[in-house]
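Undergrad: First, the structure itself, so that you have it in front of you.
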Amino acid sequence: MDNSGLAIEVRGLKKSFGKVEAVRGLDLKVREGICFGLLGPNGAGKTTTIEMMEGILEPDGGEILVRGRPLSAKTRARAGIQFQATSLPDYLKVGEVLEMFHSFYDQRAELADVVRACDLSGLLDRDVKKLSGGQRQRVLLALALVNDPDLVFLDEPTTGLDPQARRLFWDLVNGIKKRGKTIILTTHYMDEAYVLCDEIAVVDHGRVLVEGTPQALLSRYFGGVLLELPRALALPGEPKDLGWVVTEDETKHRIRTAKVQESLNWMLAQGLDLSGLRIRDMSLEDLFLELTGKELRA
Amino acid sequence: MRRSLSRIWAIFKARNYEFFRDRSSLGWSLLFPFLVVYGFSFAFSGDSQKLAKFAVVAPSDAEALLKAPPVGGIPHVDRVAYPNVEAALAKLRRHQVDIVVDPASKPLRYWISESSPKGFIAEKLLRDAAIEHDGLGHAVLPLERAAVEGREIRYVDWLMPGLLGMNMMFAALFGVGYVIVRYRKNGVLKRLKATPVRPFEFLVAQVLSRLYVIVATTAIVFVGTNFLLKFNVMGSYWLLLLILVLGALALISVGLLIAARVKSEELAGGVLNLLSWPMMFLSGVWFSLEGANPIMRNLAKVLPLTHANDAARLVMNEGATFVQVLPQLVTLAGITVVCLALGSWIFRWD
């Protein structure tokens, strides 16, 4: 990859907490103007990585370059940050919180633009303690934008939101992307990553497992589609030369294949009841589970 | 510099909004001192159960002189030893004792305050004791009477500076120390760390905000209680304000130092209690440490509230000037500088 168009580059990043190695030599390259997704199960090292990139945590080793320059107070002032969990001072109104954070920076966005971009016009006089989850996340996003940042870090911004609030938030993030900002997003939601991210990296055990566009990764790992049949249906073995990869869960047989028509013909020839058949594309969630396994994480 | 001031101003405003909009805390921080001042003024407004309070001049061997006749034989009176006549007369002028007796003098000298109603009783008791001492109805101890002028210092006049000091101590220690630890625990400080705000700017804003709150609430409590109790302020109000500001700054700085790294509200609460309770009892809030164990008196000298209370009492009750309270002011300023510098140095956002 050509390094000239990079918003941020991470080389050999390491961080331990006591005996726990949270990040173990992680490398990343994020191009300017894209939304980059950092995906991984709980405890994979996503938040530690993003907080080192933000300058909040000091790395034990490695290098972070923002537009080719080492991380500094100056580069930090040009970053917008939304943490996974943040409290705001009690008894303040939304407008007052925005004004306070706005006053911290030398380079600032027009506050009215930020309010409009985050759909907060009707909430400026609302006490921050009286906001719903979705409204609160929009306020936190606005705080990340008051300095008109080049680089926006969003750490699991939609966790705990209802579907409507999540979709509204996606629209806001897409709006930020259209303004040419580089966004680094961590999320547990694969649909969110698929909708928002131009590129993703799947992280586990403090290392990057794969990196690329969602489409390229899906086609690299999964050619074809997924055929799902009820588990109650007994499969009479597997056909030769159709390249089936069969997995099973509690309710379904899941058959991954590039030869859809031939597979359906074979099933019909076997006299299988296909009334419960479902055909779908492979998803990022399939890829995520394939790479990180299905066992529950802490 | 301009941006730095703007950041300090923004955090100062935010902290003030937090305090003044929290109606329950604001109400309690004003109501509590009113209740204590009026409660104590009511409880101690009546006359003492004792007939009178005798000050005995005792440069040495105070125990023996307090028991020596004629004063030692007078029943139902309090007896307090003072190292010299001047110290005892200062108390007499403020009606904190009813009579001063110098047992080493010949003839036996005593002083009373003409404006003290109890002085008359005390004088009568002393004269009776001197006559009884003869055993034949004649005073064998010649007496020499002197009178002093003075104005009564009631217990509430003495208590008021201590109560305001105690209120200031709680507002400073808990209002800064506890709040910063809460900010650290719930992530407010982490969010601020992600901005260009520097620790020094944040701490200065916290100090100024708390100082503003303390000066405002103390002034309200003082004016409100003075309305009915009419305190006897003999010194300068401006000097009292200076003592309030320096005392508050010293206590706020101690609170900041404690909160510089602590992450748990429980631990912060424990440490703050560990500091505030000794100050409440050793810094002369409720009673004077005159005559107390020297170890206790020396321990009290390291506590900032002691210096604030002492200075405020000297100004209020004795009309002390700036120069007379300078040692206390310098000590409070020194505590402020040391604690603020140390607190800023070891401060952590998370």
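Letters for chains follow the order of the structure tokens (A, B, ...), residue numbers begin at 1 for each chain, and ligand numbers begin at 1 in the order shown.
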Using only C-alpha atoms, select each residue of chain A with any atom at most 6 Å away from an atom of chain B, and give the selection as a list in words.
TA: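 The selection requested is Thr86, Ser87, Leu88, Asp90, Tyr91, Met100 and Phe104 of chain A.
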Undergrad: Name the residues in contact with range 225-232 of chain A at a cut-off of 6 Å, using only C-alpha atoms, excluding same-chain residues fewer than 3 positions from it; report them as JSON, numbers by chain.
TA: {"A": [251, 252, 253, 254, 255, 256, 257, 276, 277, 278, 279, 280, 281, 282]}
Undergrad: Could you write out, as a ChimeraX atom specification, all the residues of range 31-179 of chain B that DSSP marks as strand (DSSP E)?
TA: /B:52-57,77-82,99-102,108-113,143-148
Undergrad: When you count only C-alpha atoms, which of these residues is closest to Glu149 in chain B: B:Val204, B:Ile214, B:Leu173, B:Leu89?
TA: B:Leu89
Undergrad: At a cut-off of 12 Å, using only C-alpha atoms, what residues contact Asp162 in chain A? Leave out same-chain residues fewer than 6 positions from it and give the result as JSON, numbers by chain.
TA: {"A": [132, 133, 134, 135, 137, 168, 169]}
Undergrad: Include all heavy atoms and write out the residues we just selected as a PDB file, in the first residue's frame.
TA:
```pdb
ATOM      1  N   SER A 132     -32.208   9.956  26.166  1.00  0.00           N
ATOM      2  CA  SER A 132     -32.319   8.511  25.884  1.00  0.00           C
ATOM      3  C   SER A 132     -30.952   8.018  25.407  1.00  0.00           C
ATOM      4  O   SER A 132     -30.053   8.836  25.129  1.00  0.00           O
ATOM      5  CB  SER A 132     -33.369   8.285  24.800  1.00  0.00           C
ATOM      6  OG  SER A 132     -32.875   8.770  23.570  1.00  0.00           O
ATOM      7  N   GLY A 133     -30.806   6.696  25.276  1.00  0.00           N
ATOM      8  CA  GLY A 133     -29.522   6.135  24.842  1.00  0.00           C
ATOM      9  C   GLY A 133     -29.088   6.673  23.487  1.00  0.00           C
ATOM     10  O   GLY A 133     -27.934   7.066  23.298  1.00  0.00           O
ATOM     11  N   GLY A 134     -30.024   6.745  22.539  1.00  0.00           N
ATOM     12  CA  GLY A 134     -29.702   7.219  21.196  1.00  0.00           C
ATOM     13  C   GLY A 134     -29.338   8.693  21.196  1.00  0.00           C
ATOM     14  O   GLY A 134     -28.391   9.117  20.528  1.00  0.00           O
ATOM     15  N   GLN A 135     -30.103   9.481  21.966  1.00  0.00           N
ATOM     16  CA  GLN A 135     -29.820  10.928  22.035  1.00  0.00           C
ATOM     17  C   GLN A 135     -28.446  11.165  22.657  1.00  0.00           C
ATOM     18  O   GLN A 135     -27.681  12.014  22.210  1.00  0.00           O
ATOM     19  CB  GLN A 135     -30.895  11.612  22.892  1.00  0.00           C
ATOM     20  CG  GLN A 135     -32.252  11.649  22.226  1.00  0.00           C
ATOM     21  CD  GLN A 135     -33.364  12.050  23.186  1.00  0.00           C
ATOM     22  OE1 GLN A 135     -33.222  11.931  24.393  1.00  0.00           O
ATOM     23  NE2 GLN A 135     -34.482  12.490  22.642  1.00  0.00           N
ATOM     24  N   GLN A 137     -25.854   9.170  22.604  1.00  0.00           N
ATOM     25  CA  GLN A 137     -24.785   8.823  21.668  1.00  0.00           C
ATOM     26  C   GLN A 137     -24.608   9.918  20.618  1.00  0.00           C
ATOM     27  O   GLN A 137     -23.502  10.194  20.179  1.00  0.00           O
ATOM     28  CB  GLN A 137     -25.075   7.471  20.989  1.00  0.00           C
ATOM     29  CG  GLN A 137     -24.968   6.270  21.919  1.00  0.00           C
ATOM     30  CD  GLN A 137     -23.634   6.196  22.666  1.00  0.00           C
ATOM     31  OE1 GLN A 137     -23.506   6.727  23.765  1.00  0.00           O
ATOM     32  NE2 GLN A 137     -22.649   5.558  22.082  1.00  0.00           N
ATOM     33  N   LEU A 168     -30.416   5.562  12.647  1.00  0.00           N
ATOM     34  CA  LEU A 168     -30.235   7.018  12.616  1.00  0.00           C
ATOM     35  C   LEU A 168     -28.752   7.346  12.804  1.00  0.00           C
ATOM     36  O   LEU A 168     -28.187   8.204  12.105  1.00  0.00           O
ATOM     37  CB  LEU A 168     -31.074   7.680  13.722  1.00  0.00           C
ATOM     38  CG  LEU A 168     -30.876   9.193  13.894  1.00  0.00           C
ATOM     39  CD1 LEU A 168     -31.207   9.935  12.596  1.00  0.00           C
ATOM     40  CD2 LEU A 168     -31.743   9.730  15.034  1.00  0.00           C
ATOM     41  N   PHE A 169     -28.107   6.621  13.701  1.00  0.00           N
ATOM     42  CA  PHE A 169     -26.678   6.858  13.950  1.00  0.00           C
ATOM     43  C   PHE A 169     -25.857   6.532  12.704  1.00  0.00           C
ATOM     44  O   PHE A 169     -24.911   7.245  12.366  1.00  0.00           O
ATOM     45  CB  PHE A 169     -26.222   6.020  15.145  1.00  0.00           C
ATOM     46  CG  PHE A 169     -24.946   6.517  15.763  1.00  0.00           C
ATOM     47  CD1 PHE A 169     -24.960   7.477  16.765  1.00  0.00           C
ATOM     48  CD2 PHE A 169     -23.712   6.058  15.323  1.00  0.00           C
ATOM     49  CE1 PHE A 169     -23.785   7.954  17.330  1.00  0.00           C
ATOM     50  CE2 PHE A 169     -22.538   6.523  15.874  1.00  0.00           C
ATOM     51  CZ  PHE A 169     -22.576   7.475  16.879  1.00  0.00           C
TER      52      PHE A 169
END
```
Undergrad: Show me, as a ChimeraX atom specification, the residues that have an atom within 12 Å of Lys67 in chain B when counting only C-alpha atoms, minus same-chain residues fewer than 6 positions from it.
TA: /B:54,56,58,61,73-75,78-81,103
Undergrad: Using the selection just defined, write its residues with N, CA and C atoms as a JSON list (two decimals), in the first residue's frame.
TA:
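Dumped everything to out-v9.json:
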```json
[["chain", "number", "residue", "atom", "x", "y", "z"],
["B", 54, "PHE", "N", -13.42, 31.86, 87.68],
["B", 54, "PHE", "CA", -12.26, 32.57, 88.23],
["B", 54, "PHE", "C", -11.03, 32.29, 87.36],
["B", 56, "VAL", "N", -7.10, 32.40, 87.45],
["B", 56, "VAL", "CA", -6.04, 32.46, 88.45],
["B", 56, "VAL", "C", -4.71, 32.63, 87.73],
["B", 58, "ALA", "N", -1.15, 32.07, 87.21],
["B", 58, "ALA", "CA", -0.28, 31.02, 87.73],
["B", 58, "ALA", "C", 0.88, 30.80, 86.77],
["B", 61, "ASP", "N", 3.36, 26.03, 88.52],
["B", 61, "ASP", "CA", 2.67, 25.21, 89.50],
["B", 61, "ASP", "C", 1.17, 25.55, 89.57],
["B", 73, "GLY", "N", -10.83, 27.52, 97.84],
["B", 73, "GLY", "CA", -11.86, 27.07, 98.77],
["B", 73, "GLY", "C", -13.26, 27.50, 98.39],
["B", 74, "ILE", "N", -13.41, 28.25, 97.34],
["B", 74, "ILE", "CA", -14.75, 28.75, 96.97],
["B", 74, "ILE", "C", -15.52, 27.63, 96.25],
["B", 75, "PRO", "N", -16.67, 27.25, 96.77],
["B", 75, "PRO", "CA", -17.41, 26.17, 96.12],
["B", 75, "PRO", "C", -18.20, 26.68, 94.91],
["B", 78, "ASP", "N", -15.91, 27.81, 88.63],
["B", 78, "ASP", "CA", -14.87, 27.25, 87.75],
["B", 78, "ASP", "C", -13.58, 28.01, 88.00],
["B", 79, "ARG", "N", -12.47, 27.29, 87.93],
["B", 79, "ARG", "CA", -11.17, 27.93, 88.11],
["B", 79, "ARG", "C", -10.28, 27.56, 86.92],
["B", 80, "VAL", "N", -9.71, 28.60, 86.28],
["B", 80, "VAL", "CA", -8.84, 28.35, 85.12],
["B", 80, "VAL", "C", -7.53, 29.09, 85.36],
["B", 81, "ALA", "N", -6.42, 28.41, 85.08],
["B", 81, "ALA", "CA", -5.11, 29.05, 85.29],
["B", 81, "ALA", "C", -4.64, 29.72, 84.01],
["B", 103, "PRO", "N", -2.84, 35.23, 92.92],
["B", 103, "PRO", "CA", -2.64, 34.74, 94.29],
["B", 103, "PRO", "C", -1.24, 35.05, 94.85]]
```
Undergrad: Find the residues around range 247-253 of chain B up to 6 Å (only C-alpha atoms counted), leave out those fewer than 5 positions away in its own chain, and share them as JSON, numbers by chain.
TA: {"B": [172, 173, 308, 332, 335, 336, 339, 340]}
Undergrad: For Phe200 in chain B, list every protein, DNA or RNA residue within 10 Å, evaluated using only C-alpha atoms, and leave out those in the same chain fewer than 5 positions away; present the list as a list in words.
TA: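 Listed by chain and then number, they are Ser4, Ile8, Ala205, Gln206, Leu340, Ala341, Gly343, Ser344, Trp345 and Phe347 of chain B.
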Undergrad: Using only C-alpha atoms, can you tell me which of B:Ser264, B:Ser236, B:Ser283, B:Gln96 comes closest to Ala320 in chain B?
TA: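 So, comparing all the options, the nearest one is B:Ser236.
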Undergrad: Between A:Leu38, A:Val195, A:Ile8, A:Val23, which has the minimum distance to Leu71 in chain A (counting only C-alpha atoms)?
TA: A:Ile8
Undergrad: Leaving out Ala146 in chain B and any residue of its chain fewer than 2 positions from it, which residues lie within 12 Å of it when counting only C-alpha atoms, given as number ranges by chain?
TA: B: 89, 92, 99-102, 108-114, 119, 123, 143-144, 148-149
Undergrad: State, in Å with one decimal place, the distance from CA of Leu151 in chain A to CA of Lys46 in chain A.
TA: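 If I compute the distance from CA of Leu151 in chain A to CA of Lys46 in chain A, I get 17.0 Å.
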Undergrad: Just to confirm, what's the straight-line distance from CA of Arg136 in chain A to CA of Ser25 in chain B in Å (one decimal)?
TA: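 So the two atoms, CA of Arg136 in chain A and CA of Ser25 in chain B, lie 25.3 Å apart.
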Undergrad: Run DSSP on the backbone and grab whatever in range 68-218 of chain B lands in alpha helix (DSSP H); send it over as a count of residues only.
TA: 79
Undergrad: Would you please work out which residue, of B:Ile243, B:Leu26, B:Ile131, B:Val97, is nearest to Arg154 in chain B when using only C-alpha atoms?
TA: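 Going through B:Ile243, B:Leu26, B:Ile131, B:Val97 one by one, the smallest distance to Arg154 in chain B is for B:Val97.
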